[in-house]
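upload00.txt, holding compact mmCIF, C-alpha atoms:
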```txt
# COMPACT_ATOMS: atom_id res chain seq x y z
CA MET Z 1 0.00 0.00 0.00
CA ALA Z 2 1.25 3.45 -0.93
CA LYS Z 3 0.04 6.88 0.11
CA ILE Z 4 -1.01 8.61 -3.10
CA LEU Z 5 -2.11 12.16 -3.68
CA ILE Z 6 -4.57 12.42 -6.57
CA THR Z 7 -5.25 15.86 -7.99
CA GLY Z 8 -8.34 16.25 -10.12
CA ALA Z 9 -9.96 13.42 -8.16
CA GLY Z 10 -13.43 14.83 -8.81
CA GLY Z 11 -13.09 14.62 -12.60
CA ALA Z 12 -14.10 11.79 -14.89
CA ILE Z 13 -10.83 9.85 -14.78
CA GLY Z 14 -10.25 10.68 -11.13
CA THR Z 15 -13.64 9.24 -10.24
CA MET Z 16 -12.84 6.07 -12.18
CA LEU Z 17 -9.53 5.63 -10.39
CA ARG Z 18 -10.87 6.32 -6.91
CA ALA Z 19 -13.13 3.29 -7.20
CA ARG Z 20 -10.32 1.05 -8.44
CA LEU Z 21 -7.07 1.96 -6.64
CA THR Z 22 -8.39 0.35 -3.49
CA GLY Z 23 -5.06 -1.14 -2.47
CA HIS Z 24 -3.67 2.29 -1.62
CA GLU Z 25 -4.28 5.08 0.85
CA LEU Z 26 -5.65 7.87 -1.33
CA ARG Z 27 -5.48 11.58 -0.58
CA LEU Z 28 -8.15 13.01 -2.87
CA THR Z 29 -8.12 16.63 -4.03
CA ASP Z 30 -9.86 18.70 -6.66
CA VAL Z 31 -10.40 22.37 -7.43
CA ARG Z 32 -13.86 21.89 -5.92
CA ALA Z 33 -14.32 20.01 -2.67
CA GLY Z 34 -16.75 17.12 -2.55
CA ALA Z 35 -17.52 14.01 -0.55
CA GLY Z 36 -14.14 12.74 0.60
CA VAL Z 37 -12.35 15.21 -1.68
CA ARG Z 38 -10.43 18.22 -0.35
CA ALA Z 39 -10.30 21.50 -2.23
CA LEU Z 40 -6.96 22.18 -3.94
CA ASP Z 41 -6.06 24.82 -6.49
CA VAL Z 42 -3.01 23.38 -8.26
CA THR Z 43 -1.80 26.87 -9.15
CA ASP Z 44 -1.35 27.62 -5.42
CA GLY Z 45 2.18 26.41 -4.73
CA ALA Z 46 1.92 26.55 -0.94
CA ALA Z 47 -1.33 24.59 -0.95
CA VAL Z 48 0.12 21.99 -3.31
CA GLU Z 49 3.13 21.57 -1.05
CA ARG Z 50 0.89 21.02 1.97
CA ALA Z 51 -1.10 18.40 0.02
CA CYS Z 52 2.08 16.56 -0.97
CA ARG Z 53 3.45 16.15 2.54
CA GLY Z 54 3.82 12.53 3.57
CA VAL Z 55 2.80 10.90 0.30
CA ASP Z 56 4.73 8.32 -1.70
CA ALA Z 57 3.55 9.45 -5.13
CA VAL Z 58 1.37 11.98 -6.89
CA VAL Z 59 -1.09 11.13 -9.64
CA HIS Z 60 -1.63 14.52 -11.24
CA LEU Z 61 -4.95 14.65 -13.08
CA GLY Z 62 -5.90 18.19 -12.13
CA GLY Z 63 -6.27 20.68 -14.95
CA ILE Z 64 -8.39 21.92 -17.81
CA ALA Z 65 -9.55 18.77 -19.60
CA GLY Z 66 -10.05 20.15 -23.09
CA GLU Z 67 -9.36 23.05 -25.41
CA GLY Z 68 -9.56 26.53 -23.92
CA PRO Z 69 -8.04 30.00 -24.12
CA PHE Z 70 -4.25 30.01 -24.13
CA GLU Z 71 -3.87 31.91 -20.86
CA ASP Z 72 -6.16 29.45 -19.08
CA VAL Z 73 -4.37 26.29 -20.18
CA LEU Z 74 -1.02 27.97 -19.49
CA ALA Z 75 -2.03 28.94 -15.96
CA VAL Z 76 -3.74 25.73 -14.90
CA ASN Z 77 -2.17 22.92 -16.92
CA VAL Z 78 1.41 24.18 -17.20
CA ARG Z 79 1.95 26.30 -14.11
CA GLY Z 80 -0.13 23.90 -12.06
CA THR Z 81 2.07 21.00 -13.15
CA GLU Z 82 5.19 22.98 -12.26
CA ARG Z 83 3.77 23.52 -8.77
CA VAL Z 84 3.19 19.78 -8.39
CA LEU Z 85 6.62 18.77 -9.65
CA ASP Z 86 8.40 21.36 -7.53
CA ALA Z 87 6.49 20.39 -4.39
CA ALA Z 88 7.41 16.74 -4.99
CA ARG Z 89 11.05 17.74 -5.46
CA ARG Z 90 11.12 19.86 -2.31
CA LEU Z 91 9.48 17.19 -0.15
CA GLY Z 92 11.32 14.17 -1.53
CA VAL Z 93 8.25 12.56 -3.10
CA PRO Z 94 9.97 10.17 -5.52
CA ARG Z 95 7.36 9.73 -8.25
CA VAL Z 96 4.80 11.78 -10.15
CA VAL Z 97 2.41 10.30 -12.69
CA LEU Z 98 1.27 12.98 -15.13
CA ALA Z 99 -1.98 12.77 -17.07
CA SER Z 100 -0.76 13.85 -20.47
CA SER Z 101 -2.87 13.28 -23.57
CA ASN Z 102 -2.83 11.93 -27.08
CA HIS Z 103 -3.31 15.57 -28.08
CA ALA Z 104 0.31 16.26 -27.16
CA ALA Z 105 1.07 14.43 -30.42
CA GLY Z 106 -2.29 15.11 -32.02
CA LEU Z 107 -1.02 16.18 -35.46
CA GLU Z 108 1.00 12.99 -35.90
CA GLU Z 109 -0.36 10.93 -38.79
CA ARG Z 110 -1.69 7.41 -38.57
CA ARG Z 111 0.82 4.63 -38.94
CA ASP Z 112 1.10 1.18 -37.48
CA ASP Z 113 2.74 0.85 -34.08
CA LEU Z 114 3.18 4.60 -33.55
CA PRO Z 115 5.84 4.87 -30.80
CA ASP Z 116 4.91 6.01 -27.30
CA ASP Z 117 7.74 8.54 -27.39
CA VAL Z 118 6.97 10.08 -30.77
CA PRO Z 119 8.06 13.74 -30.47
CA ALA Z 120 5.43 16.20 -29.35
CA ARG Z 121 3.27 17.56 -32.16
CA PRO Z 122 0.32 19.19 -30.40
CA ASP Z 123 -2.96 19.82 -32.13
CA SER Z 124 -4.34 22.60 -29.89
CA TYR Z 125 -3.51 24.86 -26.97
CA TYR Z 126 -4.64 21.99 -24.77
CA GLY Z 127 -2.29 19.59 -26.57
CA TRP Z 128 0.52 22.12 -26.31
CA SER Z 129 -0.04 22.37 -22.55
CA LYS Z 130 0.25 18.59 -22.27
CA ALA Z 131 3.47 18.60 -24.32
CA ALA Z 132 4.78 21.32 -22.00
CA MET Z 133 3.88 19.17 -18.99
CA GLU Z 134 5.85 16.27 -20.46
CA SER Z 135 8.83 18.56 -21.01
CA LEU Z 136 8.64 19.87 -17.45
CA GLY Z 137 8.58 16.28 -16.24
CA ARG Z 138 11.73 15.56 -18.22
CA LEU Z 139 13.41 18.62 -16.71
CA TYR Z 140 12.60 17.54 -13.15
CA HIS Z 141 13.79 14.01 -13.85
CA ASP Z 142 17.05 15.12 -15.43
CA ARG Z 143 17.81 17.79 -12.84
CA TYR Z 144 16.54 16.13 -9.65
CA GLY Z 145 16.09 12.42 -10.36
CA LEU Z 146 12.32 12.54 -9.93
CA HIS Z 147 10.57 9.59 -11.57
CA VAL Z 148 7.98 11.06 -13.93
CA ILE Z 149 5.66 8.87 -15.98
CA CYS Z 150 3.65 10.77 -18.60
CA LEU Z 151 0.53 8.95 -19.75
CA ARG Z 152 -0.62 9.97 -23.23
CA ILE Z 153 -4.23 9.09 -22.55
CA GLY Z 154 -6.60 8.20 -25.37
CA ALA Z 155 -10.40 8.24 -25.06
CA CYS Z 156 -10.92 7.21 -21.44
CA LYS Z 157 -14.60 6.57 -20.87
CA GLU Z 158 -16.93 3.82 -19.72
CA THR Z 159 -17.61 2.53 -23.25
CA PRO Z 160 -16.48 3.55 -26.75
CA ALA Z 161 -18.68 6.28 -28.17
CA ASP Z 162 -17.75 6.44 -31.85
CA ALA Z 163 -15.70 4.76 -34.56
CA ARG Z 164 -12.50 6.57 -33.54
CA ASP Z 165 -12.77 5.04 -30.08
CA LEU Z 166 -12.40 1.57 -31.59
CA SER Z 167 -8.69 2.43 -31.90
CA VAL Z 168 -8.00 4.80 -29.01
CA TRP Z 169 -10.35 3.74 -26.18
CA LEU Z 170 -8.93 3.35 -22.67
CA SER Z 171 -11.34 1.48 -20.41
CA PRO Z 172 -11.69 2.52 -16.77
CA ASP Z 173 -10.27 -0.81 -15.58
CA ASP Z 174 -7.29 -0.51 -17.92
CA ALA Z 175 -6.79 3.09 -16.76
CA ALA Z 176 -6.37 1.75 -13.23
CA ARG Z 177 -3.98 -0.96 -14.46
CA LEU Z 178 -1.97 1.68 -16.27
CA VAL Z 179 -1.68 3.90 -13.21
CA GLU Z 180 -0.77 0.93 -11.01
CA ALA Z 181 2.07 0.11 -13.42
CA ALA Z 182 3.19 3.74 -13.51
CA LEU Z 183 3.39 3.81 -9.71
CA THR Z 184 6.32 1.39 -9.80
CA ALA Z 185 8.01 2.64 -12.99
CA THR Z 186 11.30 4.49 -12.97
CA GLY Z 187 12.88 7.24 -15.04
CA TRP Z 188 11.07 9.63 -17.35
CA ARG Z 189 8.70 7.87 -19.70
CA LEU Z 190 6.03 8.54 -22.27
CA VAL Z 191 3.37 5.83 -22.41
CA TRP Z 192 0.25 5.61 -24.54
CA GLY Z 193 -2.87 5.27 -22.41
CA VAL Z 194 -4.89 2.87 -24.53
CA SER Z 195 -6.59 -0.49 -24.08
CA ALA Z 196 -5.83 -3.75 -25.90
CA ASN Z 197 -7.99 -2.72 -28.83
CA THR Z 198 -7.93 -4.91 -31.93
CA ARG Z 199 -7.67 -1.73 -34.03
CA ARG Z 200 -5.13 0.15 -31.96
CA TRP Z 201 -2.34 1.71 -33.96
CA TRP Z 202 -0.45 3.24 -31.06
CA SER Z 203 2.44 1.09 -29.86
CA ALA Z 204 2.10 -1.19 -26.84
CA ALA Z 205 5.87 -1.16 -26.18
CA GLY Z 206 5.91 1.66 -23.65
CA GLY Z 207 3.19 0.06 -21.61
CA ARG Z 208 4.88 -3.34 -21.67
CA ALA Z 209 8.13 -1.73 -20.49
CA ILE Z 210 6.48 -0.60 -17.25
CA GLY Z 211 4.42 -3.76 -16.75
CA TYR Z 212 1.11 -2.47 -18.08
CA GLU Z 213 -1.05 -5.29 -19.43
CA PRO Z 214 -4.37 -4.01 -20.77
CA ARG Z 215 -7.22 -6.50 -21.01
CA ASP Z 216 -10.14 -4.69 -22.59
CA ASP Z 217 -10.96 -4.33 -26.28
CA ALA Z 218 -13.33 -1.87 -27.96
CA GLU Z 219 -13.99 -4.31 -30.79
CA LYS Z 220 -17.11 -5.73 -29.20
CA TRP Z 221 -18.81 -2.39 -29.93
CA ALA Z 222 -17.65 -2.31 -33.57
CA ALA Z 223 -20.93 -3.52 -35.09
CA ARG Z 224 -22.82 -0.71 -33.39
CA LEU Z 225 -20.28 2.04 -34.03
CA GLY Z 226 -19.57 1.25 -37.69
CA GLU Z 227 -16.44 1.33 -39.78
CA PRO Z 228 -14.21 4.43 -39.63
CA ASP Z 229 -13.54 6.40 -42.81
CA LEU Z 230 -9.75 6.54 -42.75
CA THR Z 231 -9.70 9.42 -45.23
CA LEU Z 232 -11.15 11.75 -42.59
CA PRO Z 233 -8.77 13.70 -40.31
CA GLU Z 234 -10.46 12.34 -37.20
CA HIS Z 235 -9.21 8.86 -38.12
CA ARG Z 236 -6.00 9.84 -39.89
CA LEU Z 237 -4.55 12.01 -37.11
CA VAL Z 238 -3.79 11.06 -33.51
CA GLY Z 239 -5.85 13.93 -32.12
CA GLY Z 240 -9.07 13.25 -34.02
CA THR Z 241 -11.42 16.18 -34.43
CA MET Z 242 -9.42 18.43 -32.10
CA ALA Z 243 -6.69 18.49 -34.75
CA THR Z 244 -8.94 20.54 -37.04
CA SER Z 245 -10.98 22.49 -34.47
CA PRO Z 246 -10.36 26.23 -33.85
CA LEU Z 247 -7.57 27.06 -31.43
CA GLY Z 248 -8.86 28.26 -28.08
CA GLY Z 249 -12.19 26.53 -28.53
CA ALA Z 250 -13.79 29.23 -30.69
CA GLU Z 251 -13.24 31.00 -33.98
CA ARG Z 252 -10.62 33.72 -33.61
CA GLY Z 253 -10.65 36.98 -35.52
```

Mind converting the file's structure to structure tokens?
Amino acid sequence: MAKILITGAGGAIGTMLRARLTGHELRLTDVRAGAGVRALDVTDGAAVERACRGVDAVVHLGGIAGEGPFEDVLAVNVRGTERVLDAARRLGVPRVVLASSNHAAGLEERRDDLPDDVPARPDSYYGWSKAAMESLGRLYHDRYGLHVICLRIGACKETPADARDLSVWLSPDDAARLVEAALTATGWRLVWGVSANTRRWWSAAGGRAIGYEPRDDAEKWAARLGEPDLTLPEHRLVGGTMATSPLGGAERG
């Protein structure tokens, strides 16, 4: 059993993990307090440091979970991550698991076995913020020896919702398996967060290297969701529709 601080514990993925990481002592935080969840603004360095005291690892999910204005994603996703990493460094917390995103490499084109560590190629301000988080994690690993595992999460939801998800779905149970593996991994790593989908085209090598063994497959929903049109950007690019959506979440003049 480890003592784990989870930021963003009130969000969709945080809620999934809370129900599944039952072998650990969880310290749950979110920007809004809730049942069993303490309030924590990840941009408040002093508050983050208090939350990190006495834990063995941080699972950092807190942040803006989609496209938004540049200043917002900079403040929350990037500066908030710096606060988490620096608090871990100051307090001797050895490991931080960062919730990155497939959108950090969202403009990368479809090809078989796309490597986990393909260089960042963000598709949006949101994707850029996730690429910046990965880079900050590398800095704190190289400078201070902090173990930082960056999870390039696909479509993490209860069930696949569309044809794209047949390739990029991450089931809630596999999300927990992925985080469990990341909690014992060492170094700085980029790992695709994706289930054992028949149609996956993102590499499984990074997950295998840290002991992640996904079990779920979106294929059982294929008949209902239909065949993807691989000529469309949403199936040709890692980031799907976000790769062609307006920056900042709205048309800009």

**Asked** Quick one, how far is CA of Leu139 in chain Z from CA of Trp188 in chain Z?
**Response** 9.3 Å

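Of the listed residues Z:Ala161, Z:Ala99, Z:Ala105, Z:Ala35, the one whose atoms come nearest to Asp117 in chain Z is Z:Ala105, with distances taken using all atoms listed in the file.
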
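CA of Ala9 in chain Z to CA of Asp86 in chain Z spans 20.0 Å [interatomic distance, one decimal].
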
**Asked** Expressed in Å to a single decimal, how great is the separation between CA of Asp123 in chain Z and CA of Gly106 in chain Z?
**Response**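 One can read the CA of Asp123 in chain Z to CA of Gly106 in chain Z distance as 4.8 Å.
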
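In this comparison, which uses all atoms listed in the file, the residue of Z:Ala175, Z:Met1, Z:Ile153, Z:Val73 approaching Trp128 in chain Z most closely is Z:Val73.
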
**Prompt:** Any idea what's packed within 10 Å of Gly68 in chain Z, counting all atoms listed in the file, ignoring anything in its chain fewer than 4 positions away? Could you give it as a VMD selection string?
**Reply:** chain Z and resid 64 72 to 74 124 to 126 246 to 250

**Request:** Quick one: everything within 6 Å of range 23-26 of chain Z, counting only C-alpha atoms, minus sequence neighbours fewer than 3 positions away in the same chain. Send it as a PyMOL selection string.
**Result:** chain Z and resi 1-4

Complete range 151-182 of chain Z at the level of N, CA and C atoms, written as an mmCIF file, in the coordinates of the input.
```cif
data_model
loop_
_atom_site.group_PDB
_atom_site.id
_atom_site.type_symbol
_atom_site.label_atom_id
_atom_site.label_comp_id
_atom_site.auth_asym_id
_atom_site.auth_seq_id
_atom_site.Cartn_x
_atom_site.Cartn_y
_atom_site.Cartn_z
ATOM 1 N N LEU Z 151 1.481 9.846 -19.101
ATOM 2 C CA LEU Z 151 0.530 8.950 -19.750
ATOM 3 C C LEU Z 151 -0.211 9.709 -20.847
ATOM 4 N N ARG Z 152 0.039 9.339 -22.088
ATOM 5 C CA ARG Z 152 -0.620 9.970 -23.230
ATOM 6 C C ARG Z 152 -1.972 9.303 -23.441
ATOM 7 N N ILE Z 153 -2.942 9.764 -22.671
ATOM 8 C CA ILE Z 153 -4.230 9.090 -22.550
ATOM 9 C C ILE Z 153 -5.064 9.266 -23.822
ATOM 10 N N GLY Z 154 -5.685 8.173 -24.241
ATOM 11 C CA GLY Z 154 -6.600 8.200 -25.370
ATOM 12 C C GLY Z 154 -7.989 8.623 -24.943
ATOM 13 N N ALA Z 155 -9.004 7.927 -25.400
ATOM 14 C CA ALA Z 155 -10.400 8.240 -25.060
ATOM 15 C C ALA Z 155 -10.796 7.391 -23.859
ATOM 16 N N CYS Z 156 -10.630 7.952 -22.671
ATOM 17 C CA CYS Z 156 -10.920 7.210 -21.440
ATOM 18 C C CYS Z 156 -12.359 7.473 -21.036
ATOM 19 N N LYS Z 157 -13.176 6.464 -21.180
ATOM 20 C CA LYS Z 157 -14.600 6.570 -20.870
ATOM 21 C C LYS Z 157 -15.145 5.180 -20.613
ATOM 22 N N GLU Z 158 -16.366 5.115 -20.104
ATOM 23 C CA GLU Z 158 -16.930 3.820 -19.720
ATOM 24 C C GLU Z 158 -17.023 2.862 -20.902
ATOM 25 N N THR Z 159 -17.515 3.352 -22.035
ATOM 26 C CA THR Z 159 -17.610 2.530 -23.250
ATOM 27 C C THR Z 159 -17.247 3.382 -24.452
ATOM 28 N N PRO Z 160 -16.782 2.777 -25.537
ATOM 29 C CA PRO Z 160 -16.480 3.550 -26.750
ATOM 30 C C PRO Z 160 -17.725 4.247 -27.265
ATOM 31 N N ALA Z 161 -17.532 5.486 -27.748
ATOM 32 C CA ALA Z 161 -18.680 6.280 -28.170
ATOM 33 C C ALA Z 161 -18.802 6.450 -29.673
ATOM 34 N N ASP Z 162 -17.722 6.245 -30.406
ATOM 35 C CA ASP Z 162 -17.750 6.440 -31.850
ATOM 36 C C ASP Z 162 -16.689 5.572 -32.508
ATOM 37 N N ALA Z 163 -16.608 5.639 -33.822
ATOM 38 C CA ALA Z 163 -15.700 4.760 -34.560
ATOM 39 C C ALA Z 163 -14.242 5.023 -34.216
ATOM 40 N N ARG Z 164 -13.887 6.266 -33.928
ATOM 41 C CA ARG Z 164 -12.500 6.570 -33.540
ATOM 42 C C ARG Z 164 -12.118 5.808 -32.275
ATOM 43 N N ASP Z 165 -13.055 5.709 -31.345
ATOM 44 C CA ASP Z 165 -12.770 5.040 -30.080
ATOM 45 C C ASP Z 165 -12.402 3.572 -30.253
ATOM 46 N N LEU Z 166 -12.781 2.963 -31.354
ATOM 47 C CA LEU Z 166 -12.400 1.570 -31.590
ATOM 48 C C LEU Z 166 -10.887 1.403 -31.578
ATOM 49 N N SER Z 167 -10.157 2.469 -31.914
ATOM 50 C CA SER Z 167 -8.690 2.430 -31.900
ATOM 51 C C SER Z 167 -8.096 2.976 -30.617
ATOM 52 N N VAL Z 168 -8.696 4.026 -30.043
ATOM 53 C CA VAL Z 168 -8.000 4.800 -29.010
ATOM 54 C C VAL Z 168 -8.646 4.704 -27.626
ATOM 55 N N TRP Z 169 -9.655 3.865 -27.465
ATOM 56 C CA TRP Z 169 -10.350 3.740 -26.180
ATOM 57 C C TRP Z 169 -9.413 3.242 -25.085
ATOM 58 N N LEU Z 170 -9.558 3.844 -23.901
ATOM 59 C CA LEU Z 170 -8.930 3.350 -22.670
ATOM 60 C C LEU Z 170 -10.057 3.092 -21.684
ATOM 61 N N SER Z 171 -10.262 1.835 -21.335
ATOM 62 C CA SER Z 171 -11.340 1.480 -20.410
ATOM 63 C C SER Z 171 -10.989 1.944 -18.997
ATOM 64 N N PRO Z 172 -11.980 2.156 -18.150
ATOM 65 C CA PRO Z 172 -11.690 2.520 -16.770
ATOM 66 C C PRO Z 172 -10.821 1.497 -16.044
ATOM 67 N N ASP Z 173 -11.089 0.208 -16.248
ATOM 68 C CA ASP Z 173 -10.270 -0.810 -15.580
ATOM 69 C C ASP Z 173 -8.829 -0.780 -16.086
ATOM 70 N N ASP Z 174 -8.654 -0.591 -17.392
ATOM 71 C CA ASP Z 174 -7.290 -0.510 -17.920
ATOM 72 C C ASP Z 174 -6.615 0.783 -17.464
ATOM 73 N N ALA Z 175 -7.375 1.856 -17.287
ATOM 74 C CA ALA Z 175 -6.790 3.090 -16.760
ATOM 75 C C ALA Z 175 -6.187 2.834 -15.377
ATOM 76 N N ALA Z 176 -6.895 2.080 -14.561
ATOM 77 C CA ALA Z 176 -6.370 1.750 -13.230
ATOM 78 C C ALA Z 176 -5.136 0.855 -13.343
ATOM 79 N N ARG Z 177 -5.164 -0.105 -14.262
ATOM 80 C CA ARG Z 177 -3.980 -0.960 -14.460
ATOM 81 C C ARG Z 177 -2.785 -0.134 -14.917
ATOM 82 N N LEU Z 178 -3.037 0.833 -15.776
ATOM 83 C CA LEU Z 178 -1.970 1.680 -16.270
ATOM 84 C C LEU Z 178 -1.355 2.513 -15.145
ATOM 85 N N VAL Z 179 -2.190 3.100 -14.324
ATOM 86 C CA VAL Z 179 -1.680 3.900 -13.210
ATOM 87 C C VAL Z 179 -0.950 3.026 -12.203
ATOM 88 N N GLU Z 180 -1.476 1.849 -11.918
ATOM 89 C CA GLU Z 180 -0.770 0.930 -11.010
ATOM 90 C C GLU Z 180 0.631 0.624 -11.531
ATOM 91 N N ALA Z 181 0.757 0.378 -12.832
ATOM 92 C CA ALA Z 181 2.070 0.110 -13.420
ATOM 93 C C ALA Z 181 2.961 1.333 -13.311
ATOM 94 N N ALA Z 182 2.401 2.503 -13.565
ATOM 95 C CA ALA Z 182 3.190 3.740 -13.510
ATOM 96 C C ALA Z 182 3.696 4.019 -12.102
#
```
